[in-house]
Every structure is written in structure tokens, then in C-alpha cells.
Amino acid sequence: MLDWSYRLSDFLLFSPRAYWRLFELHNQALWPLPLVALALGIAALVLALLRPRATARWIAILLAIAWAWIGWSFMWERYATINWTAAYAAPLFAIEAILLLIIGGILNRLPLERRSLRRGAGCLLIVLALAYPLLAPMFGRPWQAAEIFGISPAPTAVATLGFLLLAGGRSSVLLWPIPVLCCLADAAVLMAMDEAQQWVVLAAATVAAASLVPHAHTPPQE
């Protein structure tokens, strides 16, 4: 007979302590790059609000670099040492980086728009992603173990969803699946560790999905 008594935590390959220690070691090894990445994220949000047309291409390139960097430096080089599935997830980060570079960077088909609902929701997600370091002390972890935009997967995925909500064009649809999958995978890991932070990630994915659906068939506006 099948044993239905298994819980999600039974499939966890590492302890919560080992997981959060991973971020601490990652930040220490890259310091002061986390501060630079965070500053670039803040600058990207400000420019997206003040000069959307002029900066759309450069924001897409910034996101592409972030996804490629995290896929290699964190997923492949560090996370895979405690979770073998990370080695299989790393190529997805490379795919997202390539799509962002081609669609947003080279073809410039991710114009930043001024729709009220999507703009507000997008900014909310980006601010949440940039404020991610605050979650560490909020949930009882040291600052050194904070997750940071451009350095860690979850805040980068949330920020990407936020910028995609600000972007128009049908091509943006191709860029949604991997960030959403990244959020769901992060939420699953947090759920397995019984971490309350899981609800932050799930809330971000829900806001993105709820904001996207009403505009799925709305033609782009200039």
C-alpha cells in the first residue's frame, strides 16, 4: 500500500540552518557587490518611473545580467552543494537571461507603460524585492543572511515580475513562467522548512498573477 503519511519536509535535503548559512556565505564572498546590486535595483526603479521609454532596454539588460549571474554564482556554484536539484534549475536562469537580453535588450520589445493598476502592482513588487533584506531580521535571522536583489533568486524573481508588470508588448509573456516558477519553488522550500516567509513569496506571485489577468487582452498603450 502507498504511504500517504509523507510531508513536504520529508523531502528536504538540508536543514534550515544550512540553507540560511548558504546566503550568509554567499554575501560574505561577494561583499560589497550586494550593496552595488541593491543600489542598481533602486536606480532601475527610479528610472523606470521617471524615464520609462529611455531606460526600458537597460533595465532588461540589468535583469538579464542578474539572472545569468545568480544562475551560475548561486544556483550552480553554491546552492547545488546542498541541493542537487539546483544544478538542474541553473539552466532555467540562463534561459531567462537570454530571453531578457534578446526580447528586452536587443529587440527592445519590453516598453515600460503607464497603466494605473499594473503600474501600481509592479512598483509594489519591485519595492518588496528591494526591501527583501529586511525580512532577515524580521524573521529572526542575521543581516548577513539577507536575500538581496541581483544576488539571490527570490528577490530577483519578484523584481522581475514587477518590471514585467510595468512592461507592455506580447513578447513579455515569454518571460513570465520562469520567475513565477522560481517564486513557487522558493515558497515550497520555505514551506518544507516551516518558515513563515513562504507567505511573502506566495503573496508576491499572487499579486503579479492577479494584476496580469485583467490586462491579458488589453492592447499596449503609448
# chains A, B, ... in the order shown; residues from 1 in each chain; ligands from 1

$ closest_atom_pairs --of "range 105-151 of chain A" --to "range 165-183 of chain A" --cutoff "8 Å" --atoms "only C-alpha atoms" --output "tab-separated table"
residue	atom	partner	partner_atom	distance
A:Arg109	CA	A:Gly169	CA	6.3
A:Leu110	CA	A:Ala167	CA	5.2
A:Pro111	CA	A:Ala167	CA	5.2
A:Leu112	CA	A:Ala167	CA	4.2
A:Glu113	CA	A:Leu166	CA	5.7
A:Arg114	CA	A:Leu166	CA	7.3
A:Arg115	CA	A:Leu166	CA	7.7
A:Arg118	CA	A:Leu165	CA	5.4
A:Arg119	CA	A:Leu166	CA	5.3
A:Ala121	CA	A:Leu165	CA	7.2
A:Gly122	CA	A:Leu165	CA	5.0
A:Cys123	CA	A:Leu166	CA	7.9

$ write_last_selection --atoms "N, CA, C and O atoms" --output "mmCIF file, in the first residue's frame"
data_model
loop_
_atom_site.group_PDB
_atom_site.id
_atom_site.type_symbol
_atom_site.label_atom_id
_atom_site.label_comp_id
_atom_site.auth_asym_id
_atom_site.auth_seq_id
_atom_site.Cartn_x
_atom_site.Cartn_y
_atom_site.Cartn_z
ATOM 1 N N ARG A 109 11.584 45.134 -26.958
ATOM 2 C CA ARG A 109 10.142 44.890 -27.030
ATOM 3 C C ARG A 109 9.502 44.765 -25.647
ATOM 4 O O ARG A 109 8.504 44.076 -25.481
ATOM 5 N N LEU A 110 10.100 45.432 -24.686
ATOM 6 C CA LEU A 110 9.523 45.485 -23.351
ATOM 7 C C LEU A 110 9.348 46.946 -22.940
ATOM 8 O O LEU A 110 9.921 47.406 -21.950
ATOM 9 N N PRO A 111 8.555 47.705 -23.700
ATOM 10 C CA PRO A 111 8.376 49.129 -23.362
ATOM 11 C C PRO A 111 7.679 49.287 -22.019
ATOM 12 O O PRO A 111 6.704 48.597 -21.723
ATOM 13 N N LEU A 112 8.181 50.179 -21.217
ATOM 14 C CA LEU A 112 7.579 50.456 -19.917
ATOM 15 C C LEU A 112 6.391 51.385 -20.112
ATOM 16 O O LEU A 112 6.517 52.452 -20.703
ATOM 17 N N GLU A 113 5.220 50.962 -19.608
ATOM 18 C CA GLU A 113 3.990 51.699 -19.839
ATOM 19 C C GLU A 113 3.529 52.435 -18.586
ATOM 20 O O GLU A 113 4.158 52.363 -17.541
ATOM 21 N N ARG A 114 2.371 53.090 -18.706
ATOM 22 C CA ARG A 114 1.853 53.902 -17.601
ATOM 23 C C ARG A 114 0.444 53.488 -17.186
ATOM 24 O O ARG A 114 -0.352 54.306 -16.777
ATOM 25 N N ARG A 115 0.129 52.211 -17.292
ATOM 26 C CA ARG A 115 -1.179 51.718 -16.858
ATOM 27 C C ARG A 115 -1.278 51.798 -15.335
ATOM 28 O O ARG A 115 -0.355 51.408 -14.640
ATOM 29 N N ARG A 118 -1.529 48.027 -13.287
ATOM 30 C CA ARG A 118 -0.299 47.270 -13.455
ATOM 31 C C ARG A 118 0.900 48.059 -12.946
ATOM 32 O O ARG A 118 1.829 47.485 -12.389
ATOM 33 N N ARG A 119 0.882 49.357 -13.142
ATOM 34 C CA ARG A 119 1.993 50.184 -12.680
ATOM 35 C C ARG A 119 2.104 50.148 -11.162
ATOM 36 O O ARG A 119 3.182 49.987 -10.603
ATOM 37 N N ALA A 121 0.885 47.838 -9.062
ATOM 38 C CA ALA A 121 1.247 46.490 -8.615
ATOM 39 C C ALA A 121 2.709 46.197 -8.918
ATOM 40 O O ALA A 121 3.413 45.584 -8.108
ATOM 41 N N GLY A 122 3.165 46.640 -10.091
ATOM 42 C CA GLY A 122 4.559 46.416 -10.456
ATOM 43 C C GLY A 122 5.514 47.116 -9.505
ATOM 44 O O GLY A 122 6.499 46.533 -9.051
ATOM 45 N N CYS A 123 5.206 48.376 -9.198
ATOM 46 C CA CYS A 123 6.052 49.123 -8.264
ATOM 47 C C CYS A 123 6.040 48.476 -6.883
ATOM 48 O O CYS A 123 7.074 48.428 -6.207
#

$ select_by_dssp --residues "range 5-222 of chain A" --states "alpha helix (DSSP H)" --output "PyMOL selection string"
chain A and resi 16-30+33-50+52-70+86-99+116-130+135-138+153-166+177-192+198-212

$ atom_distance --atom1 "CA of Ser73 in chain A" --atom2 "CA of Phe93 in chain A"
11.0 Å

$ residues_around --residues "Met138 in chain A" --least-positions-apart "5" --cutoff "10 Å" --atoms "only C-alpha atoms" --output "number ranges by chain"
A: 133, 143, 197

$ write_last_selection --atoms "N, CA, C and O atoms" --output "mmCIF file, in the first residue's frame"
data_model
loop_
_atom_site.group_PDB
_atom_site.id
_atom_site.type_symbol
_atom_site.label_atom_id
_atom_site.label_comp_id
_atom_site.auth_asym_id
_atom_site.auth_seq_id
_atom_site.Cartn_x
_atom_site.Cartn_y
_atom_site.Cartn_z
ATOM 1 N N PRO A 133 16.011 42.398 2.061
ATOM 2 C CA PRO A 133 16.967 42.247 3.167
ATOM 3 C C PRO A 133 16.339 42.449 4.542
ATOM 4 O O PRO A 133 16.824 41.890 5.533
ATOM 5 N N TRP A 143 21.521 39.914 9.643
ATOM 6 C CA TRP A 143 21.585 40.698 8.411
ATOM 7 C C TRP A 143 22.465 40.023 7.363
ATOM 8 O O TRP A 143 22.203 40.113 6.170
ATOM 9 N N GLN A 197 8.059 32.995 6.056
ATOM 10 C CA GLN A 197 8.402 33.835 4.909
ATOM 11 C C GLN A 197 7.791 33.301 3.615
ATOM 12 O O GLN A 197 7.717 34.012 2.614
#

$ closest_atom_pairs --of "range 43-79 of chain A" --to "range 101-107 of chain A" --cutoff "12 Å" --atoms "only C-alpha atoms" --output "Markdown table"
| residue | atom | partner | partner_atom | distance |
| --- | --- | --- | --- | --- |
| A:Arg53 | CA | A:Gly104 | CA | 11.9 |
| A:Thr55 | CA | A:Gly105 | CA | 10.3 |
| A:Ala56 | CA | A:Gly104 | CA | 7.4 |
| A:Arg57 | CA | A:Gly105 | CA | 4.8 |
| A:Trp58 | CA | A:Gly105 | CA | 6.7 |
| A:Ile59 | CA | A:Gly105 | CA | 8.2 |
| A:Ala60 | CA | A:Gly104 | CA | 5.0 |
| A:Ile61 | CA | A:Gly105 | CA | 5.3 |
| A:Leu62 | CA | A:Leu101 | CA | 8.8 |
| A:Leu63 | CA | A:Leu101 | CA | 8.4 |
| A:Ala64 | CA | A:Leu101 | CA | 5.6 |
| A:Ile65 | CA | A:Leu101 | CA | 8.4 |
| A:Ala66 | CA | A:Leu101 | CA | 11.0 |
| A:Trp67 | CA | A:Leu101 | CA | 10.4 |
| A:Ala68 | CA | A:Leu101 | CA | 10.3 |

$ write_last_selection --atoms "all heavy atoms" --output "compact mmCIF listing (two decimals), in the first residue's frame"
# COMPACT_ATOMS: atom_id res chain seq x y z
N ARG A 53 10.60 55.21 -21.20
CA ARG A 53 10.95 54.87 -22.59
C ARG A 53 12.46 54.80 -22.81
O ARG A 53 12.95 53.95 -23.55
CB ARG A 53 10.35 55.91 -23.54
CG ARG A 53 8.83 55.88 -23.60
CD ARG A 53 8.30 56.83 -24.65
NE ARG A 53 6.84 56.80 -24.73
CZ ARG A 53 6.13 57.51 -25.59
NH1 ARG A 53 6.74 58.34 -26.44
NH2 ARG A 53 4.81 57.42 -25.60
N THR A 55 14.80 54.08 -20.62
CA THR A 55 15.56 53.13 -19.79
C THR A 55 15.07 51.69 -19.89
O THR A 55 15.68 50.80 -19.28
CB THR A 55 15.50 53.56 -18.31
OG1 THR A 55 14.12 53.64 -17.89
CG2 THR A 55 16.16 54.91 -18.11
N ALA A 56 14.00 51.43 -20.64
CA ALA A 56 13.44 50.07 -20.71
C ALA A 56 14.48 49.05 -21.15
O ALA A 56 14.60 47.96 -20.57
CB ALA A 56 12.23 50.05 -21.65
N ARG A 57 15.23 49.39 -22.19
CA ARG A 57 16.24 48.46 -22.72
C ARG A 57 17.31 48.16 -21.67
O ARG A 57 17.72 47.00 -21.49
CB ARG A 57 16.89 49.06 -23.97
CG ARG A 57 17.89 48.13 -24.66
CD ARG A 57 18.73 48.90 -25.68
NE ARG A 57 17.90 49.52 -26.69
CZ ARG A 57 17.56 48.94 -27.84
NH1 ARG A 57 17.96 47.69 -28.09
NH2 ARG A 57 16.83 49.59 -28.74
N TRP A 58 17.76 49.18 -20.96
CA TRP A 58 18.85 49.00 -20.00
C TRP A 58 18.39 48.23 -18.76
O TRP A 58 19.16 47.48 -18.17
CB TRP A 58 19.43 50.35 -19.61
CG TRP A 58 19.99 51.07 -20.79
CD1 TRP A 58 19.49 52.16 -21.43
CD2 TRP A 58 21.17 50.69 -21.51
NE1 TRP A 58 20.27 52.49 -22.50
CE2 TRP A 58 21.32 51.62 -22.57
CE3 TRP A 58 22.12 49.68 -21.35
CZ2 TRP A 58 22.37 51.55 -23.48
CZ3 TRP A 58 23.17 49.60 -22.25
CH2 TRP A 58 23.29 50.52 -23.29
N ILE A 59 17.14 48.39 -18.39
CA ILE A 59 16.60 47.62 -17.27
C ILE A 59 16.53 46.15 -17.63
O ILE A 59 16.85 45.27 -16.82
CB ILE A 59 15.22 48.16 -16.85
CG1 ILE A 59 15.37 49.54 -16.20
CG2 ILE A 59 14.52 47.20 -15.89
CD1 ILE A 59 14.07 50.22 -15.87
N ALA A 60 16.12 45.86 -18.87
CA ALA A 60 16.07 44.47 -19.33
C ALA A 60 17.46 43.85 -19.32
O ALA A 60 17.64 42.69 -18.93
CB ALA A 60 15.47 44.40 -20.73
N ILE A 61 18.46 44.62 -19.73
CA ILE A 61 19.84 44.12 -19.72
C ILE A 61 20.32 43.88 -18.30
O ILE A 61 20.99 42.88 -18.01
CB ILE A 61 20.76 45.11 -20.46
CG1 ILE A 61 20.42 45.16 -21.96
CG2 ILE A 61 22.23 44.73 -20.27
CD1 ILE A 61 21.18 46.20 -22.74
N LEU A 62 19.98 44.79 -17.39
CA LEU A 62 20.35 44.62 -15.98
C LEU A 62 19.74 43.34 -15.42
O LEU A 62 20.43 42.57 -14.73
CB LEU A 62 19.87 45.83 -15.17
CG LEU A 62 20.02 45.72 -13.64
CD1 LEU A 62 21.49 45.64 -13.26
CD2 LEU A 62 19.34 46.91 -12.95
N LEU A 63 18.47 43.11 -15.71
CA LEU A 63 17.81 41.89 -15.23
C LEU A 63 18.44 40.64 -15.85
O LEU A 63 18.59 39.62 -15.18
CB LEU A 63 16.31 41.94 -15.55
CG LEU A 63 15.49 42.98 -14.78
CD1 LEU A 63 14.06 43.03 -15.29
CD2 LEU A 63 15.51 42.69 -13.28
N ALA A 64 18.81 40.73 -17.11
CA ALA A 64 19.44 39.59 -17.78
C ALA A 64 20.76 39.24 -17.11
O ALA A 64 21.06 38.06 -16.87
CB ALA A 64 19.67 39.91 -19.27
N ILE A 65 21.55 40.25 -16.79
CA ILE A 65 22.82 40.03 -16.11
C ILE A 65 22.59 39.41 -14.74
O ILE A 65 23.30 38.48 -14.32
CB ILE A 65 23.60 41.36 -15.97
CG1 ILE A 65 24.02 41.87 -17.35
CG2 ILE A 65 24.82 41.19 -15.07
CD1 ILE A 65 24.63 43.26 -17.33
N ALA A 66 21.57 39.90 -14.02
CA ALA A 66 21.26 39.38 -12.68
C ALA A 66 20.89 37.90 -12.75
O ALA A 66 21.37 37.09 -11.95
CB ALA A 66 20.14 40.20 -12.05
N TRP A 67 20.03 37.52 -13.70
CA TRP A 67 19.61 36.12 -13.82
C TRP A 67 20.77 35.22 -14.20
O TRP A 67 20.92 34.12 -13.65
CB TRP A 67 18.48 36.00 -14.84
CG TRP A 67 17.15 36.34 -14.26
CD1 TRP A 67 16.57 37.58 -14.18
CD2 TRP A 67 16.22 35.43 -13.66
NE1 TRP A 67 15.34 37.50 -13.55
CE2 TRP A 67 15.10 36.20 -13.23
CE3 TRP A 67 16.20 34.06 -13.44
CZ2 TRP A 67 13.99 35.62 -12.60
CZ3 TRP A 67 15.11 33.49 -12.81
CH2 TRP A 67 14.02 34.26 -12.40
N ALA A 68 21.60 35.67 -15.12
CA ALA A 68 22.76 34.87 -15.52
C ALA A 68 23.74 34.71 -14.36
O ALA A 68 24.26 33.61 -14.11
CB ALA A 68 23.46 35.52 -16.72

$ residues_around --residues "Val158 in chain A" --least-positions-apart "2" --cutoff "10 Å" --atoms "only C-alpha atoms" --output "ChimeraX atom specification"
/A:122,124-130,132,149,153-156,160-164,179-180,182-183,201,204-205,208

$ atom_distance --atom1 "CA of Ser152 in chain A" --atom2 "CA of Ala131 in chain A"
12.8 Å

$ residues_around --residues "Pro142 in chain A" --least-positions-apart "3" --cutoff "12 Å" --atoms "only C-alpha atoms" --output "short mmCIF file (atom, residue, chain, number, x, y, z; two decimals) with all heavy atoms, in the first residue's frame"
data_model
loop_
_atom_site.label_atom_id
_atom_site.label_comp_id
_atom_site.auth_asym_id
_atom_site.auth_seq_id
_atom_site.Cartn_x
_atom_site.Cartn_y
_atom_site.Cartn_z
N ARG A 17 19.16 25.65 9.00
CA ARG A 17 20.40 26.34 9.35
C ARG A 17 21.39 26.33 8.19
O ARG A 17 22.03 27.34 7.89
CB ARG A 17 21.03 25.66 10.58
CG ARG A 17 22.29 26.35 11.08
CD ARG A 17 22.82 25.68 12.35
NE ARG A 17 23.99 26.36 12.86
CZ ARG A 17 25.23 26.16 12.41
NH1 ARG A 17 25.44 25.27 11.45
NH2 ARG A 17 26.25 26.82 12.93
N TRP A 20 20.09 28.86 5.33
CA TRP A 20 20.32 30.29 5.56
C TRP A 20 21.80 30.62 5.68
O TRP A 20 22.24 31.72 5.32
CB TRP A 20 19.56 30.74 6.81
CG TRP A 20 18.09 30.63 6.67
CD1 TRP A 20 17.24 29.87 7.44
CD2 TRP A 20 17.26 31.27 5.70
NE1 TRP A 20 15.95 30.01 7.01
CE2 TRP A 20 15.93 30.87 5.93
CE3 TRP A 20 17.52 32.16 4.65
CZ2 TRP A 20 14.86 31.31 5.16
CZ3 TRP A 20 16.45 32.60 3.88
CH2 TRP A 20 15.15 32.18 4.13
N ARG A 21 22.58 29.66 6.15
CA ARG A 21 24.03 29.85 6.20
C ARG A 21 24.59 30.01 4.78
O ARG A 21 25.58 30.72 4.58
CB ARG A 21 24.67 28.64 6.88
CG ARG A 21 26.19 28.64 6.93
CD ARG A 21 26.74 29.78 7.73
NE ARG A 21 28.20 29.68 7.88
CZ ARG A 21 28.99 30.68 8.27
NH1 ARG A 21 28.45 31.85 8.58
NH2 ARG A 21 30.29 30.50 8.38
N PHE A 23 23.24 31.66 2.28
CA PHE A 23 23.12 33.06 1.89
C PHE A 23 24.16 33.92 2.61
O PHE A 23 24.71 34.86 2.02
CB PHE A 23 21.71 33.57 2.20
CG PHE A 23 20.65 32.98 1.33
CD1 PHE A 23 19.90 31.90 1.78
CD2 PHE A 23 20.40 33.49 0.07
CE1 PHE A 23 18.91 31.34 0.98
CE2 PHE A 23 19.42 32.94 -0.74
CZ PHE A 23 18.68 31.86 -0.29
N GLU A 24 24.43 33.60 3.85
CA GLU A 24 25.43 34.35 4.60
C GLU A 24 26.81 34.21 3.97
O GLU A 24 27.52 35.20 3.78
CB GLU A 24 25.45 33.85 6.05
CG GLU A 24 26.39 34.64 6.95
CD GLU A 24 26.28 34.22 8.40
OE1 GLU A 24 25.37 33.43 8.74
OE2 GLU A 24 27.12 34.67 9.20
N ASN A 27 26.87 36.11 0.55
CA ASN A 27 27.01 37.56 0.69
C ASN A 27 28.42 37.95 1.13
O ASN A 27 28.98 38.94 0.63
CB ASN A 27 25.99 38.08 1.71
CG ASN A 27 24.57 37.99 1.20
OD1 ASN A 27 24.32 38.00 0.01
ND2 ASN A 27 23.61 37.87 2.12
N PRO A 133 16.01 42.40 2.06
CA PRO A 133 16.97 42.25 3.17
C PRO A 133 16.34 42.45 4.54
O PRO A 133 16.82 41.89 5.53
CB PRO A 133 18.02 43.32 2.87
CG PRO A 133 17.97 43.48 1.39
CD PRO A 133 16.53 43.31 1.02
N LEU A 134 15.26 43.23 4.61
CA LEU A 134 14.60 43.47 5.89
C LEU A 134 13.92 42.22 6.44
O LEU A 134 13.65 42.13 7.64
CB LEU A 134 13.57 44.59 5.75
CG LEU A 134 14.09 45.96 5.31
CD1 LEU A 134 12.94 46.94 5.13
CD2 LEU A 134 15.09 46.50 6.33
N LEU A 135 13.64 41.25 5.56
CA LEU A 135 12.97 40.04 6.00
C LEU A 135 13.86 39.20 6.92
O LEU A 135 13.35 38.44 7.74
CB LEU A 135 12.54 39.20 4.79
CG LEU A 135 11.51 39.84 3.86
CD1 LEU A 135 11.18 38.88 2.72
CD2 LEU A 135 10.25 40.23 4.62
N ALA A 136 15.17 39.31 6.74
CA ALA A 136 16.08 38.51 7.56
C ALA A 136 15.91 38.80 9.05
O ALA A 136 15.57 37.91 9.83
CB ALA A 136 17.53 38.73 7.12
N PRO A 137 16.10 40.06 9.50
CA PRO A 137 15.89 40.32 10.93
C PRO A 137 14.43 40.19 11.34
O PRO A 137 14.13 39.84 12.49
CB PRO A 137 16.38 41.77 11.10
CG PRO A 137 16.29 42.36 9.74
CD PRO A 137 16.59 41.25 8.79
N MET A 138 13.51 40.43 10.40
CA MET A 138 12.09 40.33 10.71
C MET A 138 11.71 38.90 11.10
O MET A 138 10.86 38.68 11.96
CB MET A 138 11.25 40.79 9.51
CG MET A 138 9.76 40.88 9.79
SD MET A 138 8.84 41.41 8.31
CE MET A 138 9.63 43.00 8.01
N PHE A 139 12.38 37.92 10.46
CA PHE A 139 12.10 36.52 10.74
C PHE A 139 13.19 35.85 11.57
O PHE A 139 13.35 34.64 11.56
CB PHE A 139 11.90 35.75 9.43
CG PHE A 139 10.60 36.11 8.73
CD1 PHE A 139 10.61 36.96 7.64
CD2 PHE A 139 9.39 35.61 9.18
CE1 PHE A 139 9.43 37.31 7.00
CE2 PHE A 139 8.20 35.95 8.55
CZ PHE A 139 8.21 36.80 7.45
N ALA A 145 22.67 37.11 6.48
CA ALA A 145 21.99 36.05 5.75
C ALA A 145 20.83 36.58 4.90
O ALA A 145 19.98 35.82 4.46
CB ALA A 145 21.48 34.99 6.71
N ALA A 146 20.82 37.89 4.66
CA ALA A 146 19.73 38.50 3.91
C ALA A 146 19.76 38.10 2.45
O ALA A 146 20.83 37.87 1.87
CB ALA A 146 19.80 40.02 4.03
N GLU A 147 18.58 38.01 1.86
CA GLU A 147 18.45 37.77 0.42
C GLU A 147 18.37 39.13 -0.27
O GLU A 147 17.58 39.99 0.13
CB GLU A 147 17.21 36.94 0.13
CG GLU A 147 17.24 35.56 0.74
CD GLU A 147 15.90 34.86 0.62
OE1 GLU A 147 15.67 34.18 -0.40
OE2 GLU A 147 15.10 34.99 1.56
#

$ residues_around --residues "Trp76 in chain A" --least-positions-apart "5" --cutoff "10 Å" --atoms "only C-alpha atoms" --output "PyMOL selection string"
chain A and resi 69-71+81+83-91

$ atom_distance --atom1 "CA of Val36 in chain A" --atom2 "CA of Ala188 in chain A"
29.1 Å
